[in-house]
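model-v2.txt, holding compact mmCIF, C-alpha atoms:
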```
# COMPACT_ATOMS: atom_id res chain seq x y z
CA MET A 1 5.04 -146.49 78.17
CA LYS A 2 3.10 -143.59 76.74
CA THR A 3 1.34 -144.12 73.42
CA ILE A 4 1.51 -141.55 70.62
CA TYR A 5 -1.08 -141.21 67.84
CA LEU A 6 0.82 -140.34 64.65
CA ALA A 7 -1.52 -137.90 62.88
CA GLY A 8 -0.47 -136.76 59.41
CA PRO A 9 -0.97 -137.04 55.67
CA GLU A 10 1.38 -140.06 55.50
CA VAL A 11 -1.63 -142.33 54.94
CA PHE A 12 -1.86 -140.83 51.43
CA LEU A 13 1.79 -141.45 50.46
CA PRO A 14 2.71 -144.07 47.84
CA ASP A 15 4.00 -146.39 50.62
CA PRO A 16 2.18 -145.46 53.82
CA ALA A 17 3.24 -148.63 55.66
CA ALA A 18 6.93 -147.82 55.19
CA ILE A 19 6.68 -144.33 56.63
CA GLY A 20 4.39 -145.58 59.39
CA ASP A 21 6.93 -148.23 60.37
CA ALA A 22 9.76 -145.68 60.31
CA LYS A 23 7.82 -143.33 62.61
CA LYS A 24 6.92 -146.17 64.99
CA ALA A 25 10.57 -147.30 65.13
CA LEU A 26 11.60 -143.76 66.12
CA CYS A 27 8.90 -143.69 68.80
CA GLU A 28 10.30 -146.91 70.24
CA LYS A 29 13.83 -145.46 70.20
CA TYR A 30 12.66 -142.68 72.52
CA GLY A 31 10.59 -144.89 74.80
CA PHE A 32 7.15 -144.43 73.26
CA ILE A 33 4.63 -146.67 71.50
CA GLY A 34 3.62 -145.15 68.18
CA ILE A 35 0.12 -145.74 66.80
CA PHE A 36 -0.25 -145.17 63.05
CA PRO A 37 -3.73 -144.45 61.63
CA LEU A 38 -3.54 -147.64 59.55
CA ASP A 39 -3.07 -149.76 62.70
CA LYS A 40 -6.63 -150.97 62.53
CA ASP A 41 -8.59 -153.45 60.44
CA ILE A 42 -11.42 -151.79 58.52
CA LYS A 43 -13.45 -154.02 56.22
CA PRO A 44 -15.03 -152.41 53.13
CA GLN A 45 -18.66 -151.62 53.91
CA ALA A 46 -21.76 -151.64 51.68
CA THR A 47 -21.12 -148.10 50.41
CA PRO A 48 -18.03 -145.87 50.13
CA ARG A 49 -19.63 -143.52 52.65
CA GLN A 50 -20.09 -146.33 55.17
CA THR A 51 -16.47 -147.38 54.67
CA ALA A 52 -15.37 -143.78 55.29
CA MET A 53 -17.44 -143.61 58.47
CA ALA A 54 -15.89 -146.87 59.70
CA ILE A 55 -12.39 -145.51 59.07
CA SER A 56 -13.29 -142.29 60.92
CA LEU A 57 -14.64 -144.22 63.90
CA GLY A 58 -11.52 -146.41 63.91
CA ASN A 59 -9.20 -143.40 63.91
CA GLU A 60 -11.19 -141.75 66.69
CA ALA A 61 -10.84 -144.91 68.78
CA LEU A 62 -7.04 -144.89 68.23
CA ILE A 63 -6.89 -141.23 69.29
CA MET A 64 -8.95 -141.88 72.41
CA ARG A 65 -6.60 -144.59 73.63
CA SER A 66 -3.45 -142.54 72.97
CA ASP A 67 -1.73 -140.32 75.53
CA ILE A 68 -0.12 -137.95 73.06
CA ILE A 69 -0.87 -136.68 69.53
CA ILE A 70 2.03 -135.75 67.26
CA ALA A 71 0.62 -134.02 64.18
CA ASN A 72 2.53 -133.62 60.93
CA LEU A 73 1.29 -130.13 60.03
CA MET A 74 3.18 -129.67 56.75
CA PRO A 75 1.20 -127.81 54.09
CA PHE A 76 -0.87 -130.33 52.14
CA ARG A 77 -2.61 -129.46 48.83
CA GLY A 78 -2.94 -125.81 49.77
CA PRO A 79 -1.50 -123.35 52.27
CA SER A 80 -2.69 -125.28 55.34
CA ALA A 81 -2.09 -128.70 56.85
CA ASP A 82 -4.08 -131.81 55.94
CA ALA A 83 -7.73 -131.46 57.03
CA GLY A 84 -7.91 -134.84 58.75
CA THR A 85 -4.73 -134.17 60.69
CA ILE A 86 -6.04 -130.81 61.90
CA TYR A 87 -9.31 -132.43 63.01
CA GLU A 88 -7.38 -135.06 64.96
CA LEU A 89 -5.20 -132.41 66.62
CA GLY A 90 -8.32 -130.53 67.71
CA MET A 91 -9.95 -133.73 68.95
CA GLY A 92 -6.84 -134.46 71.01
CA ARG A 93 -7.08 -130.98 72.52
CA GLY A 94 -10.73 -131.51 73.44
CA LEU A 95 -9.82 -134.83 75.05
CA GLY A 96 -7.07 -133.16 77.09
CA LYS A 97 -4.20 -135.07 75.45
CA LEU A 98 -0.64 -133.79 75.30
CA LEU A 99 -0.22 -132.31 71.80
CA ALA A 100 2.85 -131.82 69.64
CA GLY A 101 3.34 -130.86 66.03
CA TYR A 102 5.96 -130.40 63.37
CA SER A 103 6.29 -129.22 59.81
CA ASN A 104 8.90 -129.79 57.12
CA SER A 105 8.26 -126.22 55.96
CA ASP A 106 9.38 -123.13 57.83
CA VAL A 107 7.55 -120.70 55.56
CA PRO A 108 4.92 -118.79 57.57
CA TYR A 109 1.28 -119.13 56.53
CA PHE A 110 1.08 -115.47 55.50
CA ASP A 111 4.08 -115.78 53.15
CA ARG A 112 2.72 -119.01 51.73
CA VAL A 113 -0.63 -117.44 50.88
CA CYS A 114 1.14 -114.40 49.43
CA SER A 115 3.29 -116.66 47.22
CA LEU A 116 0.14 -118.23 45.83
CA LEU A 117 -1.15 -114.67 45.37
CA GLU A 118 1.88 -113.66 43.33
CA ALA A 119 1.63 -116.81 41.26
CA GLY A 120 -1.95 -115.79 40.43
CA GLY A 121 -3.12 -118.99 42.01
CA LEU A 122 -5.42 -118.19 44.82
CA ALA A 123 -5.28 -114.52 45.74
CA SER A 124 -4.62 -110.91 44.75
CA THR A 125 -3.62 -107.65 46.40
CA SER A 126 -5.77 -104.56 46.86
CA SER A 127 -5.22 -100.97 47.90
CA GLU A 128 -6.50 -101.83 51.39
CA GLY A 129 -3.57 -104.14 52.04
CA VAL A 130 -3.03 -107.82 51.50
CA ARG A 131 -6.29 -109.62 51.12
CA ASP A 132 -6.95 -112.64 48.95
CA ARG A 133 -8.77 -112.36 45.62
CA ASP A 134 -12.08 -112.80 47.43
CA GLY A 135 -11.37 -109.82 49.69
CA ASN A 136 -10.69 -112.00 52.73
CA SER A 137 -7.96 -110.99 55.16
CA ILE A 138 -4.86 -113.15 55.45
CA GLU A 139 -3.85 -114.00 59.00
CA ASN A 140 -0.38 -112.60 59.72
CA PHE A 141 1.07 -113.51 63.12
CA GLY A 142 4.27 -115.13 61.83
CA LEU A 143 2.82 -118.57 62.56
CA MET A 144 2.99 -121.59 60.24
CA ASP A 145 -0.78 -122.00 59.92
CA ASN A 146 -4.06 -120.78 61.41
CA LEU A 147 -3.43 -119.66 64.98
CA MET A 148 -5.72 -122.29 66.48
CA LEU A 149 -3.20 -125.04 65.62
CA GLU A 150 -0.08 -123.68 67.32
CA GLY A 151 -2.30 -122.11 69.97
CA GLY A 152 -3.81 -125.45 70.93
CA ILE A 153 -0.41 -127.15 71.01
CA GLN A 154 0.97 -124.43 73.30
CA GLU A 155 -2.06 -124.53 75.59
CA ALA A 156 -1.74 -128.31 75.82
CA GLY A 157 1.85 -127.90 77.03
CA GLY A 158 3.33 -129.27 73.87
CA VAL A 159 5.95 -128.38 71.32
CA PHE A 160 5.91 -127.39 67.64
CA ILE A 161 9.10 -127.76 65.57
CA THR A 162 9.90 -126.84 61.97
CA HIS A 163 12.73 -128.12 59.80
CA HIS A 164 12.67 -126.96 56.22
CA VAL A 165 12.97 -129.64 53.54
CA GLU A 166 12.62 -128.97 49.80
CA GLY A 167 11.54 -131.45 47.14
CA PRO A 168 9.91 -134.87 47.44
CA GLU A 169 11.76 -135.64 50.70
CA ARG A 170 9.58 -133.10 52.47
CA PHE A 171 6.93 -135.84 52.73
CA THR A 172 9.24 -138.39 54.32
CA ASP A 173 12.03 -136.54 56.17
CA LEU A 174 11.72 -137.32 59.88
CA THR A 175 14.28 -134.85 61.30
CA ALA A 176 11.66 -132.55 62.83
CA PHE A 177 9.57 -135.53 63.96
CA GLU A 178 12.57 -136.98 65.80
CA GLU A 179 13.27 -133.58 67.42
CA VAL A 180 9.71 -133.60 68.76
CA LEU A 181 10.26 -137.07 70.23
CA LYS A 182 13.47 -135.90 71.92
CA VAL A 183 11.69 -132.92 73.49
CA LEU A 184 8.78 -135.08 74.65
CA GLN A 185 11.15 -137.62 76.17
CA ARG A 186 12.92 -134.88 78.15
CA LYS A 187 9.62 -133.29 79.15
CA LEU A 188 8.13 -136.53 80.43
CA THR A 189 11.19 -137.77 82.31
CA SER A 190 12.21 -134.49 83.97
CA MET B 1 -31.39 -122.08 75.68
CA LYS B 2 -28.56 -124.01 74.04
CA THR B 3 -25.53 -122.03 72.91
CA ILE B 4 -23.93 -122.58 69.51
CA TYR B 5 -20.30 -121.75 68.67
CA LEU B 6 -20.27 -120.43 65.10
CA ALA B 7 -17.02 -121.82 63.67
CA GLY B 8 -16.08 -120.69 60.18
CA PRO B 9 -13.89 -118.50 58.00
CA GLU B 10 -16.31 -115.56 58.41
CA VAL B 11 -13.80 -113.86 60.71
CA PHE B 12 -11.67 -113.21 57.59
CA LEU B 13 -14.45 -111.60 55.52
CA PRO B 14 -14.38 -107.86 54.73
CA ASP B 15 -17.21 -107.26 57.26
CA PRO B 16 -17.03 -110.07 59.83
CA ALA B 17 -19.33 -108.31 62.31
CA ALA B 18 -22.15 -108.14 59.76
CA ILE B 19 -22.09 -111.85 58.97
CA GLY B 20 -21.64 -112.66 62.66
CA ASP B 21 -24.72 -110.64 63.55
CA ALA B 22 -26.72 -112.27 60.75
CA LYS B 23 -25.78 -115.74 61.97
CA LYS B 24 -26.61 -114.86 65.57
CA ALA B 25 -30.00 -113.44 64.53
CA LEU B 26 -30.81 -116.72 62.79
CA CYS B 27 -29.75 -118.66 65.88
CA GLU B 28 -32.17 -116.61 67.95
CA LYS B 29 -34.97 -117.22 65.43
CA TYR B 30 -34.64 -120.96 66.07
CA GLY B 31 -34.28 -120.72 69.83
CA PHE B 32 -30.51 -120.78 70.18
CA ILE B 33 -27.85 -118.37 71.42
CA GLY B 34 -25.13 -117.96 68.80
CA ILE B 35 -21.55 -117.26 69.86
CA PHE B 36 -19.32 -115.75 67.16
CA PRO B 37 -15.52 -116.09 67.48
CA LEU B 38 -15.19 -112.30 67.70
CA ASP B 39 -17.45 -112.22 70.80
CA LYS B 40 -14.49 -111.68 73.07
CA ASP B 41 -12.18 -108.81 73.94
CA ILE B 42 -8.56 -109.56 73.08
CA LYS B 43 -6.04 -106.78 73.68
CA PRO B 44 -2.95 -106.69 71.44
CA GLN B 45 -0.06 -108.33 73.31
CA ALA B 46 3.68 -107.57 73.26
CA THR B 47 4.30 -109.68 70.15
CA PRO B 48 2.11 -110.89 67.25
CA ARG B 49 2.66 -114.45 68.46
CA GLN B 50 1.39 -113.60 71.94
CA THR B 51 -1.64 -111.88 70.44
CA ALA B 52 -2.32 -115.00 68.37
CA MET B 53 -2.05 -117.21 71.45
CA ALA B 54 -4.49 -114.95 73.33
CA ILE B 55 -6.99 -115.19 70.46
CA SER B 56 -6.60 -118.97 70.40
CA LEU B 57 -7.18 -119.24 74.15
CA GLY B 58 -10.21 -116.95 73.86
CA ASN B 59 -11.73 -119.07 71.09
CA GLU B 60 -11.11 -122.26 73.05
CA ALA B 61 -12.91 -120.74 76.04
CA LEU B 62 -15.91 -119.86 73.83
CA ILE B 63 -15.99 -123.43 72.47
CA MET B 64 -15.82 -124.94 75.96
CA ARG B 65 -18.86 -123.00 77.14
CA SER B 66 -20.94 -123.82 74.06
CA ASP B 67 -23.31 -126.78 73.76
CA ILE B 68 -23.14 -127.13 69.99
CA ILE B 69 -20.59 -126.37 67.25
CA ILE B 70 -21.86 -125.44 63.78
CA ALA B 71 -18.89 -125.39 61.41
CA ASN B 72 -18.90 -123.64 58.04
CA LEU B 73 -16.86 -126.22 56.11
CA MET B 74 -16.84 -124.50 52.71
CA PRO B 75 -13.54 -124.88 50.82
CA PHE B 76 -11.22 -122.07 51.86
CA ARG B 77 -7.98 -121.25 49.97
CA GLY B 78 -7.59 -124.81 48.76
CA PRO B 79 -9.64 -127.97 48.42
CA SER B 80 -10.41 -128.26 52.17
CA ALA B 81 -12.18 -126.18 54.79
CA ASP B 82 -10.51 -123.43 56.84
CA ALA B 83 -7.84 -124.89 59.14
CA GLY B 84 -9.04 -123.07 62.26
CA THR B 85 -12.61 -124.20 61.68
CA ILE B 86 -11.53 -127.83 61.30
CA TYR B 87 -9.51 -127.61 64.52
CA GLU B 88 -12.52 -126.22 66.36
CA LEU B 89 -14.78 -128.96 65.01
CA GLY B 90 -12.32 -131.59 66.22
CA MET B 91 -12.02 -129.89 69.61
CA GLY B 92 -15.79 -129.93 69.93
CA ARG B 93 -15.77 -133.65 69.17
CA GLY B 94 -13.16 -134.29 71.85
CA LEU B 95 -15.24 -132.30 74.33
CA GLY B 96 -18.34 -134.36 73.49
CA LYS B 97 -20.30 -131.45 72.02
CA LEU B 98 -23.10 -131.85 69.51
CA LEU B 99 -21.56 -131.10 66.10
CA ALA B 100 -23.08 -129.84 62.88
CA GLY B 101 -21.62 -128.58 59.63
CA TYR B 102 -22.54 -127.10 56.30
CA SER B 103 -20.91 -126.06 53.05
CA ASN B 104 -21.96 -123.71 50.27
CA SER B 105 -20.28 -126.11 47.83
CA ASP B 106 -21.69 -129.50 46.90
CA VAL B 107 -18.63 -130.54 44.88
CA PRO B 108 -17.04 -133.62 46.48
CA TYR B 109 -13.45 -133.34 47.71
CA PHE B 110 -12.21 -135.82 45.10
CA ASP B 111 -13.69 -133.81 42.22
CA ARG B 112 -12.35 -130.58 43.66
CA VAL B 113 -8.81 -131.93 43.82
CA CYS B 114 -9.17 -133.36 40.31
CA SER B 115 -10.30 -129.96 39.00
CA LEU B 116 -7.15 -128.41 40.41
CA LEU B 117 -5.29 -131.28 38.77
CA GLU B 118 -6.76 -130.55 35.36
CA ALA B 119 -6.01 -126.86 35.78
CA GLY B 120 -2.38 -127.82 36.38
CA GLY B 121 -2.65 -126.24 39.77
CA LEU B 122 -1.83 -128.78 42.37
CA ALA B 123 -1.86 -132.27 40.94
CA SER B 124 -1.37 -134.59 37.98
CA THR B 125 -2.54 -138.00 36.84
CA SER B 126 -0.42 -141.14 36.50
CA SER B 127 -0.83 -144.57 34.96
CA GLU B 128 -1.54 -145.98 38.43
CA GLY B 129 -4.73 -143.98 38.80
CA VAL B 130 -5.52 -140.56 40.14
CA ARG B 131 -2.79 -139.37 42.44
CA ASP B 132 -1.65 -135.82 42.93
CA ARG B 133 1.56 -134.52 41.38
CA ASP B 134 3.47 -135.68 44.45
CA GLY B 135 2.22 -139.23 44.02
CA ASN B 136 -0.16 -139.01 46.96
CA SER B 137 -3.54 -140.73 46.77
CA ILE B 138 -6.68 -138.64 46.64
CA GLU B 139 -9.40 -139.72 49.07
CA ASN B 140 -12.52 -140.72 47.12
CA PHE B 141 -15.54 -141.61 49.23
CA GLY B 142 -17.95 -139.08 47.72
CA LEU B 143 -17.58 -136.86 50.78
CA MET B 144 -17.09 -133.08 50.78
CA ASP B 145 -13.73 -133.16 52.59
CA ASN B 146 -11.43 -135.49 54.52
CA LEU B 147 -13.52 -138.27 56.04
CA MET B 148 -12.69 -137.29 59.62
CA LEU B 149 -14.87 -134.17 59.32
CA GLU B 150 -18.17 -135.72 58.23
CA GLY B 151 -17.29 -138.80 60.27
CA GLY B 152 -16.96 -136.81 63.47
CA ILE B 153 -20.20 -134.94 62.81
CA GLN B 154 -22.07 -138.21 62.23
CA GLU B 155 -20.57 -139.85 65.32
CA ALA B 156 -21.56 -136.82 67.38
CA GLY B 157 -25.15 -137.27 66.28
CA GLY B 158 -25.11 -134.16 64.13
CA VAL B 159 -26.02 -133.11 60.64
CA PHE B 160 -24.07 -131.91 57.60
CA ILE B 161 -25.87 -129.97 54.86
CA THR B 162 -24.70 -128.64 51.51
CA HIS B 163 -26.29 -125.96 49.35
CA HIS B 164 -24.34 -124.96 46.28
CA VAL B 165 -23.72 -121.24 45.78
CA GLU B 166 -21.52 -119.80 43.01
CA GLY B 167 -19.70 -116.48 43.09
CA PRO B 168 -18.97 -114.08 45.94
CA GLU B 169 -22.25 -114.95 47.71
CA ARG B 170 -20.81 -118.35 48.58
CA PHE B 171 -19.11 -116.65 51.53
CA THR B 172 -22.25 -115.06 52.91
CA ASP B 173 -25.26 -117.15 51.81
CA LEU B 174 -26.90 -118.59 54.93
CA THR B 175 -29.40 -121.00 53.32
CA ALA B 176 -27.52 -124.14 54.39
CA PHE B 177 -26.73 -122.63 57.79
CA GLU B 178 -30.43 -121.98 58.39
CA GLU B 179 -31.27 -125.54 57.30
CA VAL B 180 -28.85 -126.81 59.94
CA LEU B 181 -30.58 -124.69 62.59
CA LYS B 182 -33.98 -126.09 61.55
CA VAL B 183 -32.73 -129.67 61.86
CA LEU B 184 -31.11 -128.98 65.24
CA GLN B 185 -34.30 -127.34 66.51
CA ARG B 186 -36.34 -130.41 65.50
CA LYS B 187 -33.74 -132.78 66.93
CA LEU B 188 -33.57 -131.05 70.29
CA THR B 189 -37.31 -130.57 70.79
CA SER B 190 -38.49 -133.99 69.61
```
Could you take the file, read its structure, and then write that structure out as structure tokens?
Amino acid sequence: MKTIYLAGPEVFLPDPAAIGDAKKALCEKYGFIGIFPLDKDIKPQATPRQTAMAISLGNEALIMRSDIIIANLMPFRGPSADAGTIYELGMGRGLGKLLAGYSNSDVPYFDRVCSLLEAGGLASTSSEGVRDRDGNSIENFGLMDNLMLEGGIQEAGGVFITHHVEGPERFTDLTAFEEVLKVLQRKLTS
Amino acid sequence: MKTIYLAGPEVFLPDPAAIGDAKKALCEKYGFIGIFPLDKDIKPQATPRQTAMAISLGNEALIMRSDIIIANLMPFRGPSADAGTIYELGMGRGLGKLLAGYSNSDVPYFDRVCSLLEAGGLASTSSEGVRDRDGNSIENFGLMDNLMLEGGIQEAGGVFITHHVEGPERFTDLTAFEEVLKVLQRKLTS
């Protein structure tokens, strides 16, 4: 059976074990072994930095022994996906893994940044077009995030699926995740 | 001479060629060949998505033929670094490249998220400690971003340097970038 590293911001949720177990159960349903980032035993080290480095090394080891990365690329504390998840997706690409991704938002990156702009949060318009308040251009290809993310997934032969969920359930809804598993199952058995 | 892929949000600046040339000139000063993401010729494709995919593939090719990745990990439109830059750092790690990073902010990730919290922007406190307004925990290891970023750089034998710059110059100041080049030069000639 193929193993899937479950990259995503779920490790920060109030009950990470519950969502991890739910994702692993779905993996099993479709014939995969899911590996959640917390599936390792990291002892606190002498300093917070050393503990962080041990966690990083542990996650990298889990990624290396996985066949597939499924990344939850929902926007997390800003217009883009969680930084750690993006790093892990990129690492999987460098390692030649099969990549897949999903997001519980179907709002394109450009629109998301512009919404923040209108709210006065992060950006502002200018006569030269839509740039953020620092004068930086806003990527506008209709994609859900920076083009490297969907680009890498496509190049790796994978799939990216969105399913829009509003409210607190957007952190835990697994509809899009399950769709990804269905596609991967078909892809790998055909 | 070793080649360095110059990952960073500079491609979004008002004058990306100018900052790209400045970074490449510094690379040359320290005995390296700098490769800027715009050092490729991408023709517009039939659709914006296809153009984005062509850019992604072009960047991945530049990363593959580089020996070193230096990532500008300054906070970009949120508390974390630019999504594309993080992806490229992770890809470099998966490919076994030497990694380095820098940021023109020395404010730890935890403090940055808490500042947004206090401003009512993205988060809120609770009686259980500091979680964001969605109840998600905020990583607190004293690092500048998600632990996977500095973790990967350390594991790859690299260096991460911060040099705090306020105001618009934080996008263009190359003090920390030059420090990284000095360290890499020493590391590779010793």
TODO: Please provide the set of residues having any atom within 12 Å of Leu149 of chain B, restricted to only C-alpha atoms, with same-chain residues fewer than 6 positions apart removed, written as a PyMOL selection string.
DONE: (chain A and resi 52-53+55-57+59-60+82-88+90-91) or (chain B and resi 71-74+80-83+85-93+99-103+109+143+155-156+158-160)
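With all atoms listed in the file as the basis for measurement, A:Leu13 is the residue among A:Ala25, A:Leu13, A:Leu116, A:Ala7 that approaches Pro168 of chain A most closely.
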Might I get the box with edges along x, y and z of the file that holds all atoms of segment 133-148 of chain B listed there, padded by 4 Å on every side, given as centre and edge lengths in Å to one decimal, as JSON?
```
{"center_x": -7.2, "center_y": -137.3, "center_z": 50.5, "size_x": 29.4, "size_y": 16.5, "size_z": 26.2}
```
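Separating atom CA of Val165 of chain A from atom CA of Met148 of chain B is a distance of 27.5 Å.
Take atom CA of Arg49 of chain B and atom CA of Arg186 of chain A: the distance between them is 24.8 Å.
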Task: Spatial neighbours of Pro16 of chain B, max dist 12 Å, all atoms listed in the file, sep filter under 2 positions, as a PyMOL selection string - done: (chain A and resi 135-137) or (chain B and resi 8-14+18-23+36-39+171-172)
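Among the candidate residues B:Asp111, B:Ser105, B:Pro79, B:Thr162, the one lying nearest to chain A is B:Pro79, with distances computed using all atoms listed in the file.
For the pair atom CA of Ser66 of chain B and atom CA of Leu6 of chain B, the separation is 9.6 Å.
Shortest separation to Gln185 of chain B among B:Ile4, B:Ala54, B:Gly31, B:His163 occurs at residue B:Gly31, atoms counted being only C-alpha atoms.
For the set A:Arg170, A:Lys187, A:His164, A:Arg77, the residue with the smallest atom-to-atom gap to chain B is A:Arg77, counting only C-alpha atoms.
Nearest residue to chain A, choosing from B:Met144, B:Leu188, B:Val130, B:Leu95 and counting only C-alpha atoms: B:Leu95.
Closest approach to chain B among A:Gly167, A:Gly157, A:Gly94, A:Pro108: A:Gly94, based on all atoms listed in the file.
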